[in-house]
Each structure stands twice: as C-alpha cells, then as structure tokens.
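Worksheet: the structure to be examined is printed underneath.
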Amino acid sequence: NLGFLPGSSTELITQADTTSQALKASLTLLKPSGTLAVTLYPTHSGAQEEVELVLSWFHGLPGERYEKRIEPHPQGNPSSPYPLFVKKK
C-alpha cells in the first residue's frame with residue numbers, strides 16, 4: 001500500500017527510493033506461484049515520482065519469470081488508487 005495510511009496522517013508517506021528497495025527485496029521473498037500485490041495511490045504529495053518508478057519497475061520485470069497484471073479503476077478515475085499484481089512463475 002503506497003502513499004499514506006488511509007485515516008491517518010497524510011504527512012507520513014512512502015518515498016520513491018525506499019519503495020524501490022522494498023519492491024526489489026520483495027521479489028527475493030516470493031516463492032513460485034507467490035503473488036505480490038501493490039496498491040498505488042496517485043494523488044498524494046510526491047505520488048507522481050513514486051508511481052512512475054513503480055510502473056517502470058513493473059513493466060521491466062521479465063515476462064518469462066513473472067505474470068503481471070494492473071487493475072485500473074472500474075470507472076476510469078485517474079485519481080483513484082489501483083492495484084498491480086506480480087506472480088512468480
């Protein structure tokens with residue numbers, strides 16, 4: 001869950017540099033058939049940099065090792081949070 005914790009302070013947010021480290025580390029923990037779920041919140045302060053970093057990481061994952069899926073908001077609202085999933089083959 002990236003951004004800030006809903007219902008809590010919006011001043012405490014995730015940062016692109018630590019998010020990048022966490023995503024890389026998470027792949028080392030995935031077992032075959034394991035799934036990583038990440039929810040992007042595109043409207044918090046600093047979100048654009050973090051969203052671009054996560055999407056670049058996501059699209060750069062090799063398809064022969066991972067199944068990848070993004071679930072856009074059903075009504076196409078660009079400011080709504082949306083999940084992406086990475087499943088290790």
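Within each chain, counting starts at residue 1; across the structure tokens, chains are named A, B, ... in the order shown, with ligands numbered 1 upward in that order.
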Residues flagged strand (DSSP E) by DSSP in chain A, as a PyMOL selection string: chain A and resi 35-40+66-70+82-88
Neighbour list for Asp17 in chain A as a ChimeraX atom specification, cut-off 10 Å, only C-alpha atoms, skip fewer than 4 positions in-chain: /A:21-22,49-50,53
Ser45 in chain A environment, 9 Å, only C-alpha atoms, sequence neighbours closer than 4 positions dropped, as a ChimeraX atom specification: /A:3,10-11,13
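Near Glu64 in chain A, within 12 Å and counting only C-alpha atoms, sit Lys87, Lys88 and Lys89 of chain A; same-chain residues fewer than 6 positions away were not included.
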Those same residues, written as a compact mmCIF listing (two decimals), in the first residue's frame with C-alpha atoms?
# COMPACT_ATOMS: atom_id res chain seq x y z
CA LYS A 87 3.06 -13.53 -9.65
CA LYS A 88 6.25 -15.55 -9.73
CA LYS A 89 6.10 -18.41 -12.25
Residue set, chain A restricted to helix (DSSP H, G or I), as a PyMOL selection string: chain A and resi 16-29+47-60
Dump of C-alpha atoms for the selected residues, as a PDB file, in the first residue's frame:
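Output below, filename again.pdb:
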ATOM      1  CA  ALA A  16      10.227   6.504  -4.143  1.00  0.00           C
ATOM      2  CA  ASP A  17      13.735   5.494  -3.001  1.00  0.00           C
ATOM      3  CA  THR A  18      12.598   3.228  -0.166  1.00  0.00           C
ATOM      4  CA  THR A  19       9.716   1.893  -2.252  1.00  0.00           C
ATOM      5  CA  SER A  20      12.225   0.842  -4.909  1.00  0.00           C
ATOM      6  CA  GLN A  21      14.307  -1.005  -2.313  1.00  0.00           C
ATOM      7  CA  ALA A  22      11.219  -2.712  -0.870  1.00  0.00           C
ATOM      8  CA  LEU A  23       9.977  -3.869  -4.285  1.00  0.00           C
ATOM      9  CA  LYS A  24      13.337  -5.379  -5.187  1.00  0.00           C
ATOM     10  CA  ALA A  25      13.583  -7.124  -1.812  1.00  0.00           C
ATOM     11  CA  SER A  26      10.030  -8.442  -2.078  1.00  0.00           C
ATOM     12  CA  LEU A  27      10.851 -10.382  -5.240  1.00  0.00           C
ATOM     13  CA  THR A  28      13.544 -12.315  -3.393  1.00  0.00           C
ATOM     14  CA  LEU A  29      10.909 -13.478  -0.895  1.00  0.00           C
ATOM     15  CA  ALA A  47       2.998  10.399  -5.824  1.00  0.00           C
ATOM     16  CA  GLN A  48       3.907  11.066  -9.447  1.00  0.00           C
ATOM     17  CA  GLU A  49       7.577  10.192  -8.931  1.00  0.00           C
ATOM     18  CA  GLU A  50       6.660   7.071  -6.978  1.00  0.00           C
ATOM     19  CA  VAL A  51       4.027   5.927  -9.492  1.00  0.00           C
ATOM     20  CA  GLU A  52       6.444   6.381 -12.407  1.00  0.00           C
ATOM     21  CA  LEU A  53       9.149   4.433 -10.547  1.00  0.00           C
ATOM     22  CA  VAL A  54       6.794   1.559  -9.659  1.00  0.00           C
ATOM     23  CA  LEU A  55       5.355   1.326 -13.175  1.00  0.00           C
ATOM     24  CA  SER A  56       8.844   1.350 -14.696  1.00  0.00           C
ATOM     25  CA  TRP A  57       9.911  -1.433 -12.307  1.00  0.00           C
ATOM     26  CA  PHE A  58       6.706  -3.372 -13.032  1.00  0.00           C
ATOM     27  CA  HIS A  59       6.983  -3.135 -16.829  1.00  0.00           C
ATOM     28  CA  GLY A  60      10.682  -4.047 -16.652  1.00  0.00           C
TER      29      GLY A  60
END
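Counting only C-alpha atoms, Pro83 in chain A has the following residues at most 6 Å away, ignoring those fewer than 6 positions along the same chain: A:Val38, A:Thr39, A:Glu71.
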Next, the residues of the selection above should be written as a PDB file, in the first residue's frame with C-alpha atoms.
ATOM      1  CA  VAL A  38       0.934  -3.327  -4.579  1.00  0.00           C
ATOM      2  CA  THR A  39      -1.673  -0.569  -4.392  1.00  0.00           C
ATOM      3  CA  GLU A  71      -6.326  -3.406 -12.343  1.00  0.00           C
TER       4      GLU A  71
END
Pick from A:Asn1, A:Thr35, A:Pro81, A:Thr43 nearest to Tyr66 in chain A, counting only C-alpha atoms: A:Thr35
